[in-house]
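J.: Have a look at the structure that comes next, please.
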Amino acid sequence: MIHEQAIIEPGAVIGKNVTIGPWTYISKNVVIGDDCVISSHVVINGPTRIGKGNRIFQFASIGEDCQDLKYAGEHTELVIGDNNTFRESCTIHRGTIQDNSLTKIGNNNLFMAYTHVAHDCVVGNNCILANNASIAGHVHVGDHVILGGMSGVHQFCHIGAHSFVAANALVLKDVPPYVMASGQPAKPFGLNSEGLKRRGFDKDVILTIKRAYKAVYRKGLSADDAIEEIQQLSDSMPELTLFSDFIRDSSRGIIR
């Protein structure tokens, strides 16, 4: 399963049933889980830990030193979960000591061709980054997020769960959960209702989230007043708690 022309340095740990194509380079301090498929011409540097069932296509660069000029060769890591797909020419960089020394990617994500995940980013589960989407350093992306092709996210921004960022959008502030964002700079363009339906959200929950969205974006309220109104809608609905907590905890401010 490992091509004779693949280069695997001593110290790399390769799991069971792993396929590695020719002219792929895997450095020491790399751990690759079972059932991964790594195409030809891939470079994986460490320290990097990759879980099970991942697929990495040709010309991807995984676990490379970051592009932050402050990086001076310190020990930093990249940790990748299970069942992710990295298409052609993806670039995923390790962290820096200025944050947690860690870039972390969850499970079941799709990174299309030429996508970039910079240092210290945290990407959740079941996300899609379309072709050429890029997230700068220290960005956090929640679960079930879609970033459209050619979209860009400024450093330190947070993208909330179940949100949708349109193609060519430039995100300069935090995008709350469930919100669709578009434009340069990105502005809110309604609720990601279709995405919520596809993921099995109850219609009454979606209706209540719409009311919360209107409190933030349609009534001219301050963030604090909007949060108070959201809490009055339902104190026991975790979907709304996710929404209000995100807005309350935002350090960059949300898109408005």
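In the structure tokens, chains take letters A, B, ... by order of appearance, with residues numbered from 1 within each chain and ligands from 1 in the order shown.
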Would you tabulate, counting only C-alpha atoms, all residues of range 70-161 of chain A that have an atom at most 12 Å from an atom of range 199-212 of chain A, showing the closest pair of atoms and their distance in Å to one decimal, sorted by chain then ascending number, as a tab-separated table?

T.:
```
residue	atom	partner	partner_atom	distance
A:Asn126	CA	A:Arg199	CA	10.9
A:Asp143	CA	A:Arg199	CA	11.5
A:His144	CA	A:Arg199	CA	9.0
A:Val145	CA	A:Arg199	CA	11.8
A:Ala161	CA	A:Arg199	CA	11.9
```

J.: Calculated over only C-alpha atoms, which of the candidates A:Ile92, A:Ile128, A:Leu102, A:Met237 has the smallest distance to His116 in chain A?

T.: A:Ile92

J.: Return the single residue from A:Ile14, A:Val179, A:Val117, A:Ala186 that is closest to Ile247 in chain A, with distances computed using only C-alpha atoms.

T.: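 Once distances to Ile247 in chain A are computed over only C-alpha atoms, the minimum belongs to A:Val179.
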
J.: Can you list, as a compact mmCIF listing (two decimals) with N, CA and C atoms, in the first residue's frame, every protein, DNA or RNA residue that comes within 8 Å of Gly46 in chain A when you count only C-alpha atoms, leaving out same-chain residues fewer than 4 positions away?

T.:
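The result, written out as around_17.txt:
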```txt
# COMPACT_ATOMS: atom_id res chain seq x y z
N SER A 27 7.55 13.54 6.90
CA SER A 27 8.68 13.78 7.79
C SER A 27 8.52 13.03 9.10
N LYS A 28 9.56 13.07 9.91
CA LYS A 28 9.47 12.52 11.25
C LYS A 28 8.44 13.31 12.06
N ASN A 29 8.05 12.76 13.19
CA ASN A 29 7.06 13.40 14.06
C ASN A 29 5.69 13.54 13.39
N VAL A 30 5.43 12.67 12.42
CA VAL A 30 4.12 12.61 11.80
C VAL A 30 3.48 11.28 12.17
N GLY A 63 0.76 20.44 7.51
CA GLY A 63 1.63 20.52 8.68
C GLY A 63 2.92 21.29 8.47
N GLU A 64 2.93 22.20 7.51
CA GLU A 64 4.13 22.98 7.24
C GLU A 64 4.28 24.11 8.27
N GLU A 77 2.15 22.27 16.69
CA GLU A 77 1.54 21.06 16.17
C GLU A 77 0.35 21.35 15.27
N LEU A 78 0.03 20.32 14.48
CA LEU A 78 -1.22 20.25 13.74
C LEU A 78 -1.89 18.94 14.12
```

J.: Set the distance at 8 Å and use only C-alpha atoms: which residues neighbour Val37 in chain A once local chain neighbours fewer than 3 positions away are removed? I'd like the list as an NGL selection string.

T.: :A and (18-20 or 53-56)

J.: Would you export the selected residues with C-alpha atoms as a tab-separated table (two decimals), in the first residue's frame, please?

T.:
```tsv
chain	number	residue	atom	x	y	z
A	18	VAL	CA	-2.74	3.24	4.69
A	19	THR	CA	-2.13	4.01	1.02
A	20	ILE	CA	0.75	6.39	0.14
A	53	GLY	CA	-9.95	7.56	7.18
A	54	ASN	CA	-8.59	10.83	5.83
A	55	ARG	CA	-7.94	11.35	2.15
A	56	ILE	CA	-5.26	13.75	0.93
```

J.: Can you tell me, as a ChimeraX atom specification, which residues in range 51-229 of chain A count as strand (DSSP E) by DSSP?

T.: /A:55-56,61-64,77-80,85-86,91-93,102-105,110-111,116-117,122-123,128-129,134-135,140-141,146-147,152-153,158-159,164-165,170-171,179-182,187-191

J.: Keeping only N, CA and C atoms, write the selected residues to a file as a short mmCIF file (atom, residue, chain, number, x, y, z; two decimals), in the first residue's frame.

T.:
```cif
data_model
loop_
_atom_site.label_atom_id
_atom_site.label_comp_id
_atom_site.auth_asym_id
_atom_site.auth_seq_id
_atom_site.Cartn_x
_atom_site.Cartn_y
_atom_site.Cartn_z
N ARG A 55 -8.44 11.45 3.51
CA ARG A 55 -7.94 11.35 2.15
C ARG A 55 -7.28 12.66 1.76
N ILE A 56 -6.06 12.57 1.29
CA ILE A 56 -5.26 13.75 0.93
C ILE A 56 -4.85 13.63 -0.52
N SER A 61 -0.09 20.38 0.96
CA SER A 61 0.99 20.59 1.93
C SER A 61 0.35 20.64 3.32
N ILE A 62 0.62 19.65 4.12
CA ILE A 62 -0.04 19.47 5.41
C ILE A 62 1.00 19.57 6.53
N GLY A 63 0.76 20.44 7.51
CA GLY A 63 1.63 20.52 8.68
C GLY A 63 2.92 21.29 8.47
N GLU A 64 2.93 22.20 7.51
CA GLU A 64 4.13 22.98 7.24
C GLU A 64 4.28 24.11 8.27
N GLU A 77 2.15 22.27 16.69
CA GLU A 77 1.54 21.06 16.17
C GLU A 77 0.35 21.35 15.27
N LEU A 78 0.03 20.32 14.48
CA LEU A 78 -1.22 20.25 13.74
C LEU A 78 -1.89 18.94 14.12
N VAL A 79 -3.16 19.02 14.49
CA VAL A 79 -3.94 17.81 14.83
C VAL A 79 -5.17 17.77 13.93
N ILE A 80 -5.34 16.66 13.23
CA ILE A 80 -6.45 16.47 12.31
C ILE A 80 -7.25 15.25 12.76
N THR A 85 -11.39 15.22 3.96
CA THR A 85 -10.88 15.18 2.59
C THR A 85 -10.16 16.48 2.28
N PHE A 86 -8.93 16.38 1.85
CA PHE A 86 -8.13 17.54 1.46
C PHE A 86 -7.83 17.41 -0.04
N THR A 91 -3.30 23.83 1.67
CA THR A 91 -2.19 24.16 2.56
C THR A 91 -2.74 24.32 3.98
N ILE A 92 -2.23 23.50 4.89
CA ILE A 92 -2.67 23.50 6.29
C ILE A 92 -1.43 23.69 7.16
N HIS A 93 -1.35 24.78 7.92
CA HIS A 93 -0.14 25.11 8.67
C HIS A 93 -0.29 24.84 10.17
N LEU A 102 -1.04 25.29 18.37
CA LEU A 102 -1.81 24.20 17.78
C LEU A 102 -2.79 24.71 16.74
N THR A 103 -2.78 24.06 15.58
CA THR A 103 -3.86 24.17 14.62
C THR A 103 -4.66 22.88 14.70
N LYS A 104 -5.98 22.98 14.77
CA LYS A 104 -6.80 21.79 15.02
C LYS A 104 -7.97 21.72 14.05
N ILE A 105 -8.13 20.55 13.46
CA ILE A 105 -9.21 20.29 12.51
C ILE A 105 -10.00 19.08 13.00
N LEU A 110 -14.61 18.82 4.37
CA LEU A 110 -14.15 18.82 2.99
C LEU A 110 -13.43 20.13 2.71
N PHE A 111 -12.16 20.03 2.36
CA PHE A 111 -11.35 21.18 1.96
C PHE A 111 -11.10 21.05 0.46
N HIS A 116 -6.89 27.19 2.15
CA HIS A 116 -5.78 27.45 3.06
C HIS A 116 -6.30 27.60 4.48
N VAL A 117 -5.69 26.87 5.40
CA VAL A 117 -5.97 27.00 6.83
C VAL A 117 -4.67 27.45 7.50
N VAL A 122 -8.88 26.82 14.35
CA VAL A 122 -9.66 25.69 14.87
C VAL A 122 -10.87 25.52 13.96
N VAL A 123 -10.95 24.37 13.30
CA VAL A 123 -12.08 24.06 12.42
C VAL A 123 -12.85 22.90 13.03
N ILE A 128 -17.44 22.65 5.06
CA ILE A 128 -16.99 22.65 3.67
C ILE A 128 -16.32 23.98 3.37
N LEU A 129 -15.08 23.92 2.92
CA LEU A 129 -14.38 25.09 2.40
C LEU A 129 -14.26 24.91 0.90
N SER A 134 -10.00 30.78 2.09
CA SER A 134 -8.83 30.91 2.96
C SER A 134 -9.23 31.49 4.30
N ILE A 135 -8.69 30.91 5.36
CA ILE A 135 -8.90 31.48 6.69
C ILE A 135 -7.55 31.85 7.27
N HIS A 140 -11.52 30.74 14.22
CA HIS A 140 -12.27 29.59 14.71
C HIS A 140 -13.52 29.41 13.85
N VAL A 141 -13.71 28.20 13.37
CA VAL A 141 -14.85 27.87 12.52
C VAL A 141 -15.68 26.79 13.21
N ILE A 146 -20.22 26.44 5.96
CA ILE A 146 -19.82 26.41 4.55
C ILE A 146 -19.20 27.76 4.21
N LEU A 147 -17.97 27.71 3.69
CA LEU A 147 -17.28 28.90 3.18
C LEU A 147 -17.23 28.80 1.67
N GLY A 152 -12.67 34.86 1.99
CA GLY A 152 -11.54 35.06 2.88
C GLY A 152 -11.99 35.51 4.26
N VAL A 153 -11.34 35.00 5.30
CA VAL A 153 -11.69 35.34 6.67
C VAL A 153 -10.49 35.98 7.35
N HIS A 158 -14.29 34.70 14.28
CA HIS A 158 -14.98 33.46 14.59
C HIS A 158 -16.19 33.32 13.67
N ILE A 159 -16.36 32.11 13.15
CA ILE A 159 -17.49 31.81 12.27
C ILE A 159 -18.38 30.82 13.00
N PHE A 164 -23.29 30.32 6.81
CA PHE A 164 -22.96 30.17 5.39
C PHE A 164 -22.33 31.46 4.91
N VAL A 165 -21.11 31.37 4.40
CA VAL A 165 -20.40 32.53 3.86
C VAL A 165 -20.34 32.38 2.35
N LEU A 170 -15.67 38.72 1.98
CA LEU A 170 -14.53 39.09 2.81
C LEU A 170 -15.03 39.31 4.23
N VAL A 171 -14.70 38.39 5.11
CA VAL A 171 -15.20 38.44 6.48
C VAL A 171 -14.21 39.18 7.36
N VAL A 179 -26.26 32.31 10.43
CA VAL A 179 -26.39 33.50 9.59
C VAL A 179 -25.72 33.28 8.23
N MET A 180 -26.34 33.82 7.18
CA MET A 180 -25.73 33.86 5.86
C MET A 180 -25.03 35.21 5.68
N ALA A 181 -23.80 35.17 5.20
CA ALA A 181 -23.01 36.39 5.03
C ALA A 181 -22.51 36.49 3.60
N SER A 182 -22.51 37.71 3.08
CA SER A 182 -22.05 37.94 1.71
C SER A 182 -21.55 39.36 1.59
N LYS A 187 -21.69 41.20 4.98
CA LYS A 187 -22.84 41.68 5.74
C LYS A 187 -23.83 40.52 5.90
N PRO A 188 -24.72 40.59 6.90
CA PRO A 188 -25.71 39.52 7.07
C PRO A 188 -26.78 39.59 5.97
N PHE A 189 -27.14 38.42 5.44
CA PHE A 189 -28.17 38.34 4.40
C PHE A 189 -29.18 37.25 4.75
N GLY A 190 -29.70 37.32 5.96
CA GLY A 190 -30.74 36.38 6.36
C GLY A 190 -30.21 35.17 7.08
N LEU A 191 -31.14 34.27 7.36
CA LEU A 191 -30.85 33.06 8.12
C LEU A 191 -30.61 31.90 7.16
#
```

J.: Using Å and a single decimal, report how far CA of Cys36 in chain A sits from CA of Lys52 in chain A.

T.: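 Atom-to-atom, CA of Lys52 in chain A and CA of Cys36 in chain A are spaced 6.0 Å apart.
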
J.: Skipping near chain neighbours, those fewer than 2 positions away, what residues fall within 7 Å of Asp120 in chain A using only C-alpha atoms, listed as a JSON list (two decimals) with N, CA, C and O atoms, in the first residue's frame?

T.:
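What landed in part31.json:
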```json
[["chain", "number", "residue", "atom", "x", "y", "z"],
["A", 94, "ARG", "N", 0.84, 24.56, 10.81],
["A", 94, "ARG", "CA", 0.86, 24.35, 12.25],
["A", 94, "ARG", "C", 0.69, 25.68, 13.00],
["A", 94, "ARG", "O", 0.69, 26.75, 12.40],
["A", 95, "GLY", "N", 0.58, 25.60, 14.33],
["A", 95, "GLY", "CA", 0.31, 26.76, 15.15],
["A", 95, "GLY", "C", 1.54, 27.59, 15.48],
["A", 95, "GLY", "O", 2.63, 27.38, 14.94],
["A", 96, "THR", "N", 1.34, 28.54, 16.40],
["A", 96, "THR", "CA", 2.42, 29.37, 16.90],
["A", 96, "THR", "C", 2.34, 29.42, 18.43],
["A", 96, "THR", "O", 1.28, 29.20, 19.02],
["A", 99, "ASP", "N", -0.26, 31.62, 20.41],
["A", 99, "ASP", "CA", -1.60, 31.14, 20.71],
["A", 99, "ASP", "C", -1.46, 29.88, 21.54],
["A", 99, "ASP", "O", -0.80, 29.89, 22.58],
["A", 100, "ASN", "N", -2.04, 28.76, 21.09],
["A", 100, "ASN", "CA", -1.93, 27.50, 21.81],
["A", 100, "ASN", "C", -0.94, 26.54, 21.18],
["A", 100, "ASN", "O", -0.96, 25.34, 21.49],
["A", 101, "SER", "N", -0.11, 27.04, 20.26],
["A", 101, "SER", "CA", 0.88, 26.20, 19.56],
["A", 101, "SER", "C", 0.21, 25.07, 18.79],
["A", 101, "SER", "O", 0.81, 24.03, 18.55],
["A", 102, "LEU", "N", -1.04, 25.29, 18.37],
["A", 102, "LEU", "CA", -1.81, 24.20, 17.78],
["A", 102, "LEU", "C", -2.79, 24.71, 16.74],
["A", 102, "LEU", "O", -3.54, 25.66, 16.97],
["A", 103, "THR", "N", -2.78, 24.06, 15.58],
["A", 103, "THR", "CA", -3.86, 24.17, 14.62],
["A", 103, "THR", "C", -4.66, 22.88, 14.70],
["A", 103, "THR", "O", -4.08, 21.79, 14.71],
["A", 118, "ALA", "N", -4.67, 28.66, 8.03],
["A", 118, "ALA", "CA", -3.46, 29.25, 8.58],
["A", 118, "ALA", "C", -3.21, 28.77, 10.01],
["A", 118, "ALA", "O", -3.97, 27.98, 10.58],
["A", 122, "VAL", "N", -8.88, 26.82, 14.35],
["A", 122, "VAL", "CA", -9.66, 25.69, 14.87],
["A", 122, "VAL", "C", -10.87, 25.52, 13.96],
["A", 122, "VAL", "O", -11.69, 26.44, 13.84],
["A", 137, "GLY", "N", -4.82, 33.47, 10.29],
["A", 137, "GLY", "CA", -4.42, 32.94, 11.57],
["A", 137, "GLY", "C", -5.42, 33.16, 12.69],
["A", 137, "GLY", "O", -6.12, 34.18, 12.73],
["A", 138, "HIS", "N", -5.53, 32.20, 13.59],
["A", 138, "HIS", "CA", -6.33, 32.27, 14.82],
["A", 138, "HIS", "C", -7.84, 32.29, 14.56],
["A", 138, "HIS", "O", -8.61, 32.62, 15.46]]
```

J.: What's around range 228-235 of chain A at 10 Å? Count only C-alpha atoms, leave out sequence neighbours fewer than 4 positions away in its own chain, and write the answer as a list in words.

T.: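 Neighbouring residues, sequence-local ones excluded: Thr208, Ile209, Arg211, Ala212, Tyr213, Lys214, Ala215, Val216, Leu221, Ser222, Ala223, Asp224, Glu239, Leu240, Thr241, Phe243 and Ser244 of chain A.
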
J.: Looking only at the backbone, which of the residues in range 26-237 of chain A does DSSP tag as helix (DSSP H, G or I), as a JSON list (two decimals) with N, CA, C and O atoms, in the first residue's frame?

T.:
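Output file part_11.json is given in full below:
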```json
[["chain", "number", "residue", "atom", "x", "y", "z"],
["A", 193, "SER", "N", -31.72, 29.11, 6.61],
["A", 193, "SER", "CA", -32.86, 28.25, 6.90],
["A", 193, "SER", "C", -32.78, 26.92, 6.16],
["A", 193, "SER", "O", -33.10, 25.86, 6.72],
["A", 194, "GLU", "N", -32.37, 26.96, 4.91],
["A", 194, "GLU", "CA", -32.31, 25.73, 4.13],
["A", 194, "GLU", "C", -31.30, 24.76, 4.72],
["A", 194, "GLU", "O", -31.54, 23.56, 4.80],
["A", 195, "GLY", "N", -30.16, 25.29, 5.14],
["A", 195, "GLY", "CA", -29.16, 24.44, 5.78],
["A", 195, "GLY", "C", -29.68, 23.81, 7.06],
["A", 195, "GLY", "O", -29.42, 22.64, 7.35],
["A", 196, "LEU", "N", -30.43, 24.59, 7.84],
["A", 196, "LEU", "CA", -30.98, 24.06, 9.09],
["A", 196, "LEU", "C", -32.01, 22.96, 8.81],
["A", 196, "LEU", "O", -32.06, 21.95, 9.51],
["A", 197, "LYS", "N", -32.82, 23.15, 7.78],
["A", 197, "LYS", "CA", -33.80, 22.11, 7.42],
["A", 197, "LYS", "C", -33.08, 20.82, 7.02],
["A", 197, "LYS", "O", -33.49, 19.72, 7.41],
["A", 198, "ARG", "N", -32.04, 20.94, 6.23],
["A", 198, "ARG", "CA", -31.31, 19.76, 5.77],
["A", 198, "ARG", "C", -30.67, 19.01, 6.93],
["A", 198, "ARG", "O", -30.48, 17.79, 6.85],
["A", 203, "LYS", "N", -39.08, 22.64, 12.75],
["A", 203, "LYS", "CA", -39.58, 23.88, 12.15],
["A", 203, "LYS", "C", -39.86, 24.95, 13.20],
["A", 203, "LYS", "O", -39.69, 26.16, 12.94],
["A", 204, "ASP", "N", -40.30, 24.53, 14.39],
["A", 204, "ASP", "CA", -40.55, 25.51, 15.45],
["A", 204, "ASP", "C", -39.25, 26.11, 15.96],
["A", 204, "ASP", "O", -39.21, 27.30, 16.32],
["A", 205, "VAL", "N", -38.19, 25.31, 16.00],
["A", 205, "VAL", "CA", -36.88, 25.82, 16.39],
["A", 205, "VAL", "C", -36.39, 26.84, 15.36],
["A", 205, "VAL", "O", -35.89, 27.91, 15.72],
["A", 206, "ILE", "N", -36.54, 26.50, 14.08],
["A", 206, "ILE", "CA", -36.12, 27.43, 13.03],
["A", 206, "ILE", "C", -36.90, 28.74, 13.12],
["A", 206, "ILE", "O", -36.33, 29.83, 12.96],
["A", 207, "LEU", "N", -38.20, 28.65, 13.39],
["A", 207, "LEU", "CA", -39.02, 29.86, 13.52],
["A", 207, "LEU", "C", -38.54, 30.73, 14.68],
["A", 207, "LEU", "O", -38.45, 31.97, 14.55],
["A", 208, "THR", "N", -38.18, 30.09, 15.79],
["A", 208, "THR", "CA", -37.70, 30.86, 16.94],
["A", 208, "THR", "C", -36.34, 31.49, 16.64],
["A", 208, "THR", "O", -36.07, 32.63, 17.05],
["A", 209, "ILE", "N", -35.47, 30.77, 15.93],
["A", 209, "ILE", "CA", -34.17, 31.33, 15.54],
["A", 209, "ILE", "C", -34.38, 32.54, 14.62],
["A", 209, "ILE", "O", -33.67, 33.54, 14.71],
["A", 210, "LYS", "N", -35.39, 32.47, 13.73],
["A", 210, "LYS", "CA", -35.69, 33.61, 12.86],
["A", 210, "LYS", "C", -36.08, 34.83, 13.69],
["A", 210, "LYS", "O", -35.69, 35.96, 13.38],
["A", 211, "ARG", "N", -36.85, 34.62, 14.74],
["A", 211, "ARG", "CA", -37.24, 35.73, 15.61],
["A", 211, "ARG", "C", -36.01, 36.32, 16.30],
["A", 211, "ARG", "O", -35.90, 37.55, 16.46],
["A", 212, "ALA", "N", -35.09, 35.44, 16.71],
["A", 212, "ALA", "CA", -33.85, 35.92, 17.33],
["A", 212, "ALA", "C", -33.02, 36.71, 16.33],
["A", 212, "ALA", "O", -32.43, 37.75, 16.67],
["A", 213, "TYR", "N", -32.98, 36.23, 15.08],
["A", 213, "TYR", "CA", -32.25, 36.95, 14.04],
["A", 213, "TYR", "C", -32.83, 38.36, 13.86],
["A", 213, "TYR", "O", -32.10, 39.35, 13.74],
["A", 214, "LYS", "N", -34.15, 38.45, 13.85],
["A", 214, "LYS", "CA", -34.79, 39.77, 13.68],
["A", 214, "LYS", "C", -34.47, 40.69, 14.85],
["A", 214, "LYS", "O", -34.32, 41.91, 14.66],
["A", 215, "ALA", "N", -34.35, 40.12, 16.05],
["A", 215, "ALA", "CA", -34.00, 40.95, 17.21],
["A", 215, "ALA", "C", -32.62, 41.57, 17.04],
["A", 215, "ALA", "O", -32.39, 42.72, 17.46],
["A", 216, "VAL", "N", -31.72, 40.85, 16.41],
["A", 216, "VAL", "CA", -30.35, 41.35, 16.23],
["A", 216, "VAL", "C", -30.25, 42.27, 15.02],
["A", 216, "VAL", "O", -29.57, 43.31, 15.07],
["A", 217, "TYR", "N", -30.94, 41.92, 13.93],
["A", 217, "TYR", "CA", -30.67, 42.56, 12.64],
["A", 217, "TYR", "C", -31.82, 43.38, 12.06],
["A", 217, "TYR", "O", -31.63, 44.04, 11.04],
["A", 223, "ALA", "N", -26.46, 45.24, 20.86],
["A", 223, "ALA", "CA", -26.18, 43.82, 21.06],
["A", 223, "ALA", "C", -26.72, 43.35, 22.41],
["A", 223, "ALA", "O", -27.32, 42.27, 22.51],
["A", 224, "ASP", "N", -26.53, 44.14, 23.45],
["A", 224, "ASP", "CA", -27.00, 43.75, 24.79],
["A", 224, "ASP", "C", -28.52, 43.64, 24.83],
["A", 224, "ASP", "O", -29.07, 42.69, 25.41],
["A", 225, "ASP", "N", -29.21, 44.60, 24.22],
["A", 225, "ASP", "CA", -30.68, 44.56, 24.22],
["A", 225, "ASP", "C", -31.18, 43.38, 23.38],
["A", 225, "ASP", "O", -32.19, 42.74, 23.73],
["A", 226, "ALA", "N", -30.49, 43.10, 22.28],
["A", 226, "ALA", "CA", -30.89, 41.96, 21.44],
["A", 226, "ALA", "C", -30.71, 40.65, 22.20],
["A", 226, "ALA", "O", -31.57, 39.76, 22.12],
["A", 227, "ILE", "N", -29.62, 40.52, 22.92],
["A", 227, "ILE", "CA", -29.39, 39.30, 23.71],
["A", 227, "ILE", "C", -30.48, 39.13, 24.76],
["A", 227, "ILE", "O", -30.99, 38.02, 24.98],
["A", 228, "GLU", "N", -30.87, 40.23, 25.39],
["A", 228, "GLU", "CA", -31.93, 40.15, 26.40],
["A", 228, "GLU", "C", -33.25, 39.70, 25.78],
["A", 228, "GLU", "O", -33.97, 38.87, 26.37],
["A", 229, "GLU", "N", -33.55, 40.20, 24.59],
["A", 229, "GLU", "CA", -34.78, 39.78, 23.92],
["A", 229, "GLU", "C", -34.71, 38.32, 23.50],
["A", 229, "GLU", "O", -35.70, 37.59, 23.60],
["A", 230, "ILE", "N", -33.55, 37.88, 23.04],
["A", 230, "ILE", "CA", -33.38, 36.47, 22.66],
["A", 230, "ILE", "C", -33.62, 35.57, 23.87],
["A", 230, "ILE", "O", -34.27, 34.52, 23.77],
["A", 231, "GLN", "N", -33.10, 35.96, 25.00],
["A", 231, "GLN", "CA", -33.28, 35.15, 26.21],
["A", 231, "GLN", "C", -34.75, 35.08, 26.62],
["A", 231, "GLN", "O", -35.21, 34.07, 27.14],
["A", 232, "GLN", "N", -35.50, 36.11, 26.34],
["A", 232, "GLN", "CA", -36.93, 36.09, 26.64],
["A", 232, "GLN", "C", -37.70, 35.16, 25.70],
["A", 232, "GLN", "O", -38.75, 34.64, 26.07],
["A", 233, "LEU", "N", -37.17, 34.97, 24.49],
["A", 233, "LEU", "CA", -37.84, 34.07, 23.55],
["A", 233, "LEU", "C", -37.86, 32.65, 24.08],
["A", 233, "LEU", "O", -38.87, 31.95, 23.99]]
```
